[in-house]
file input30.cif (mmCIF, C-alpha atoms)
data_target
loop_
_atom_site.label_atom_id
_atom_site.label_comp_id
_atom_site.auth_asym_id
_atom_site.auth_seq_id
_atom_site.Cartn_x
_atom_site.Cartn_y
_atom_site.Cartn_z
CA MET A 263 -62.04 -126.14 -141.91
CA PRO A 264 -64.72 -127.62 -139.60
CA ALA A 265 -67.81 -125.45 -139.14
CA ALA A 266 -67.23 -125.29 -135.38
CA LEU A 267 -63.78 -123.82 -135.88
CA VAL A 268 -65.03 -121.38 -138.51
CA ALA A 269 -67.64 -120.05 -136.06
CA MET A 270 -65.10 -119.75 -133.25
CA VAL A 271 -62.59 -118.01 -135.50
CA ALA A 272 -65.26 -115.57 -136.70
CA SER A 273 -65.95 -114.59 -133.09
CA LEU A 274 -62.32 -113.63 -132.45
CA SER A 275 -61.43 -110.01 -132.96
CA LEU A 276 -57.71 -109.43 -133.31
CA ASP A 277 -58.24 -105.72 -132.72
CA ARG A 278 -59.66 -106.12 -129.19
CA PRO A 279 -57.93 -104.33 -126.34
CA LYS A 280 -55.44 -106.51 -124.53
CA TYR A 281 -56.59 -108.11 -121.31
CA ALA A 282 -55.15 -110.62 -118.94
CA ALA A 283 -55.96 -114.09 -120.18
CA TYR A 284 -57.13 -115.61 -116.93
CA ALA A 285 -58.34 -119.04 -117.85
CA ALA A 286 -60.14 -121.06 -115.24
CA SER A 287 -59.15 -124.69 -115.14
CA HIS A 288 -60.87 -126.73 -117.86
CA GLU A 289 -62.20 -123.64 -119.62
CA ARG A 290 -62.19 -123.56 -123.43
CA HIS A 291 -60.67 -120.59 -125.23
CA GLY A 292 -60.28 -119.42 -128.76
CA ALA A 293 -56.76 -118.00 -129.02
CA ALA A 294 -55.16 -116.17 -131.93
CA GLY A 295 -51.94 -114.46 -132.88
CA ARG A 296 -51.02 -112.47 -135.93
CA SER A 297 -47.88 -111.29 -137.61
CA LEU A 298 -46.15 -107.99 -137.10
CA ALA A 299 -46.76 -105.52 -139.93
CA ALA A 300 -48.54 -108.13 -142.08
CA ARG A 301 -45.32 -110.12 -142.47
CA LEU A 302 -45.43 -113.88 -142.79
CA ILE A 303 -45.00 -116.13 -139.75
CA VAL A 304 -44.48 -119.23 -141.92
CA LEU A 305 -42.46 -119.23 -145.12
CA GLY A 306 -42.87 -122.87 -146.06
CA ASP A 307 -43.65 -126.39 -144.95
CA ASP A 308 -40.60 -126.54 -142.66
CA ASP A 309 -41.93 -123.57 -140.69
CA ARG A 310 -45.42 -125.11 -140.57
CA GLY A 311 -43.95 -128.32 -139.22
CA MET A 312 -41.93 -126.44 -136.61
CA PHE A 313 -44.98 -124.44 -135.50
CA LEU A 314 -46.99 -127.65 -135.08
CA LYS A 315 -44.12 -129.39 -133.27
CA THR A 316 -43.72 -126.38 -130.98
CA MET A 317 -47.49 -126.30 -130.34
CA GLY A 318 -47.32 -129.98 -129.34
CA GLU A 319 -44.39 -129.30 -127.00
CA MET A 320 -46.35 -126.41 -125.47
CA ALA A 321 -49.30 -128.70 -124.83
CA GLY A 322 -47.07 -131.31 -123.20
CA ARG A 323 -45.27 -128.79 -121.00
CA THR A 324 -48.31 -126.89 -119.77
CA GLY A 325 -51.26 -129.28 -119.90
CA ILE A 326 -53.06 -127.14 -122.48
CA ARG A 327 -55.21 -129.33 -124.73
CA VAL A 328 -55.34 -128.19 -128.34
CA HIS A 329 -58.67 -129.27 -129.86
CA ALA A 330 -58.37 -127.48 -133.21
CA TYR A 331 -56.04 -125.11 -135.01
CA ALA A 332 -55.79 -123.08 -138.18
CA LEU A 333 -52.32 -121.94 -139.26
CA MET A 334 -52.26 -119.39 -142.04
CA ASP A 335 -49.23 -117.63 -143.51
CA ASN A 336 -49.63 -114.51 -141.35
CA HIS A 337 -51.69 -115.63 -138.33
CA TYR A 338 -53.02 -118.59 -136.39
CA HIS A 339 -56.11 -119.60 -134.42
CA LEU A 340 -56.35 -122.26 -131.72
CA LEU A 341 -59.24 -123.82 -129.85
CA VAL A 342 -57.77 -124.90 -126.53
CA ARG A 343 -58.81 -126.12 -123.12
CA SER A 344 -56.71 -124.73 -120.32
CA GLN A 345 -55.44 -126.71 -117.39
CA HIS A 346 -54.44 -125.07 -114.13
CA GLU A 347 -54.88 -121.45 -115.36
CA ARG A 348 -51.79 -121.70 -117.59
CA LEU A 349 -53.09 -120.25 -120.87
CA SER A 350 -50.98 -117.08 -120.80
CA GLU A 351 -47.86 -119.01 -119.84
CA ALA A 352 -48.46 -121.55 -122.61
CA MET A 353 -49.11 -118.99 -125.33
CA LYS A 354 -46.07 -116.95 -124.32
CA TRP A 355 -43.92 -120.09 -124.46
CA LEU A 356 -45.28 -120.95 -127.92
CA GLY A 357 -44.54 -117.45 -129.27
CA VAL A 358 -41.05 -117.18 -127.80
CA ARG A 359 -40.00 -120.70 -128.78
CA TYR A 360 -41.34 -120.50 -132.33
CA SER A 361 -39.90 -116.98 -132.81
CA GLY A 362 -36.45 -118.25 -131.86
CA HIS A 363 -36.60 -121.01 -134.46
CA PHE A 364 -38.05 -118.73 -137.15
CA ASN A 365 -35.45 -116.02 -136.57
CA TRP A 366 -32.53 -118.44 -136.50
CA LYS A 367 -33.65 -120.17 -139.70
CA HIS A 368 -34.39 -116.98 -141.64
CA GLU A 369 -31.63 -114.80 -140.12
CA ARG A 370 -34.06 -112.30 -138.61
CA ASP A 371 -34.47 -110.75 -135.19
CA GLY A 372 -37.38 -109.64 -133.06
CA SER A 373 -40.73 -111.32 -132.79
CA PRO A 374 -42.61 -112.19 -135.97
CA PHE A 375 -45.81 -111.74 -133.92
CA LYS A 376 -47.65 -108.48 -133.23
CA GLY A 377 -47.72 -108.21 -129.46
CA ARG A 378 -49.25 -110.85 -127.26
CA PHE A 379 -51.87 -113.33 -128.34
CA HIS A 380 -55.59 -112.62 -128.06
CA SER A 381 -58.13 -114.96 -126.53
CA VAL A 382 -61.83 -115.25 -125.83
CA PRO A 383 -63.52 -117.77 -123.57
CA VAL A 384 -65.79 -120.26 -125.31
CA VAL A 385 -68.52 -120.33 -122.68
CA SER A 386 -71.15 -122.39 -124.48
CA ASN A 387 -71.42 -124.82 -127.34
CA GLU A 388 -73.31 -122.16 -129.31
CA HIS A 389 -69.94 -120.43 -129.83
CA LEU A 390 -68.88 -123.52 -131.78
CA VAL A 391 -71.92 -123.83 -134.05
#

call {"tool": "encode", "arguments": {"input": "input30.cif", "output": "structure tokens"}}
result
Amino acid sequence: MPAALVAMVASLSLDRPKYAAYAASHERHGAAGRSLAARLIVLGDDDRGMFLKTMGEMAGRTGIRVHAYALMDNHYHLLVRSQHERLSEAMKWLGVRYSGHFNWKHERDGSPFKGRFHSVPVVSNEHLV
């Protein structure tokens, strides 16, 4: 994993209180989501491929630019640049769309994710070093 992404990921706290993810246009954010009850959100390469495909669709639909990602078995991290204050909309779309695929494929119901995503603004390049 690139050092910049490692530093950004380390600055994310998944236990932070929820807050509205207002993202000013062209602002960079570190965004993360984790699984519900430590369950897996990917069970194999097919799920990984679907998550990446869905992330690409999200970017195309909303104008969010994904600069880096880390997809683990039970959580993910993204470094994104928002366009037109659409970060919350984009992340919701990603979670709902991927959850639908995951649940259909594995005959499950409910979201595999624990609540909404978490994000922090990346306000300077020092956050990436």

call {"tool": "atom_distance", "arguments": {"input": "input30.cif", "atom1": "atom CA of A:His368", "atom2": "atom CA of A:Leu302"}}
result
11.5 Å

call {"tool": "axis_aligned_box", "arguments": {"input": "input30.cif", "around": "stretch 332-342 of chain A", "padding_each_side": "4 Å", "output": "AutoDock Vina command-line options"}}
result
--center_x -54.2 --center_y -119.7 --center_z -135.0 --size_x 18.0 --size_y 18.4 --size_z 25.0

call {"tool": "atom_distance", "arguments": {"input": "input30.cif", "atom1": "atom CA of A:Asp308", "atom2": "atom CA of A:Gly292"}}
result
25.1 Å

call {"tool": "closest_residue", "arguments": {"input": "input30.cif", "among": "A:Arg348, A:Arg343, A:His363, A:Arg327", "to": "A:Val384", "atoms": "only C-alpha atoms"}}
result
A:Arg343

call {"tool": "closest_residue", "arguments": {"input": "input30.cif", "among": "A:Ile303, A:Ser386, A:Leu349, A:Met334", "to": "A:Arg370", "atoms": "only C-alpha atoms"}}
result
A:Ile303

call {"tool": "build_atoms", "arguments": {"input": "input30.cif", "residues": "stretch 300-311 of chain A", "atoms": "N, CA, C and O atoms", "output": "PDB file, in the frame of the given file"}}
result
ATOM      1  N   ALA A 300     -48.070-107.276-140.985  1.00  0.00           N
ATOM      2  CA  ALA A 300     -48.540-108.130-142.080  1.00  0.00           C
ATOM      3  C   ALA A 300     -47.440-108.975-142.718  1.00  0.00           C
ATOM      4  O   ALA A 300     -47.546-109.384-143.862  1.00  0.00           O
ATOM      5  N   ARG A 301     -46.365-109.230-141.971  1.00  0.00           N
ATOM      6  CA  ARG A 301     -45.320-110.120-142.470  1.00  0.00           C
ATOM      7  C   ARG A 301     -45.770-111.565-142.273  1.00  0.00           C
ATOM      8  O   ARG A 301     -46.708-111.853-141.552  1.00  0.00           O
ATOM      9  N   LEU A 302     -45.086-112.470-142.898  1.00  0.00           N
ATOM     10  CA  LEU A 302     -45.430-113.880-142.790  1.00  0.00           C
ATOM     11  C   LEU A 302     -44.816-114.481-141.535  1.00  0.00           C
ATOM     12  O   LEU A 302     -43.690-114.147-141.156  1.00  0.00           O
ATOM     13  N   ILE A 303     -45.544-115.399-140.902  1.00  0.00           N
ATOM     14  CA  ILE A 303     -45.000-116.130-139.750  1.00  0.00           C
ATOM     15  C   ILE A 303     -44.568-117.531-140.154  1.00  0.00           C
ATOM     16  O   ILE A 303     -43.909-118.207-139.385  1.00  0.00           O
ATOM     17  N   VAL A 304     -44.967-117.973-141.337  1.00  0.00           N
ATOM     18  CA  VAL A 304     -44.480-119.230-141.920  1.00  0.00           C
ATOM     19  C   VAL A 304     -44.099-118.951-143.368  1.00  0.00           C
ATOM     20  O   VAL A 304     -44.827-118.292-144.092  1.00  0.00           O
ATOM     21  N   LEU A 305     -42.932-119.446-143.748  1.00  0.00           N
ATOM     22  CA  LEU A 305     -42.460-119.230-145.120  1.00  0.00           C
ATOM     23  C   LEU A 305     -42.425-120.513-145.936  1.00  0.00           C
ATOM     24  O   LEU A 305     -41.992-120.492-147.078  1.00  0.00           O
ATOM     25  N   GLY A 306     -42.867-121.601-145.336  1.00  0.00           N
ATOM     26  CA  GLY A 306     -42.870-122.870-146.060  1.00  0.00           C
ATOM     27  C   GLY A 306     -43.270-124.007-145.145  1.00  0.00           C
ATOM     28  O   GLY A 306     -43.587-123.812-143.967  1.00  0.00           O
ATOM     29  N   ASP A 307     -43.229-125.206-145.702  1.00  0.00           N
ATOM     30  CA  ASP A 307     -43.650-126.390-144.950  1.00  0.00           C
ATOM     31  C   ASP A 307     -42.769-126.670-143.746  1.00  0.00           C
ATOM     32  O   ASP A 307     -43.251-127.181-142.733  1.00  0.00           O
ATOM     33  N   ASP A 308     -41.473-126.350-143.822  1.00  0.00           N
ATOM     34  CA  ASP A 308     -40.600-126.540-142.660  1.00  0.00           C
ATOM     35  C   ASP A 308     -41.069-125.692-141.484  1.00  0.00           C
ATOM     36  O   ASP A 308     -41.089-126.158-140.340  1.00  0.00           O
ATOM     37  N   ASP A 309     -41.436-124.449-141.760  1.00  0.00           N
ATOM     38  CA  ASP A 309     -41.930-123.570-140.690  1.00  0.00           C
ATOM     39  C   ASP A 309     -43.268-124.080-140.146  1.00  0.00           C
ATOM     40  O   ASP A 309     -43.502-124.053-138.941  1.00  0.00           O
ATOM     41  N   ARG A 310     -44.137-124.557-141.027  1.00  0.00           N
ATOM     42  CA  ARG A 310     -45.420-125.110-140.570  1.00  0.00           C
ATOM     43  C   ARG A 310     -45.178-126.297-139.636  1.00  0.00           C
ATOM     44  O   ARG A 310     -45.802-126.411-138.591  1.00  0.00           O
ATOM     45  N   GLY A 311     -44.278-127.172-140.050  1.00  0.00           N
ATOM     46  CA  GLY A 311     -43.950-128.320-139.220  1.00  0.00           C
ATOM     47  C   GLY A 311     -43.386-127.908-137.873  1.00  0.00           C
ATOM     48  O   GLY A 311     -43.731-128.489-136.838  1.00  0.00           O
TER      49      GLY A 311
END
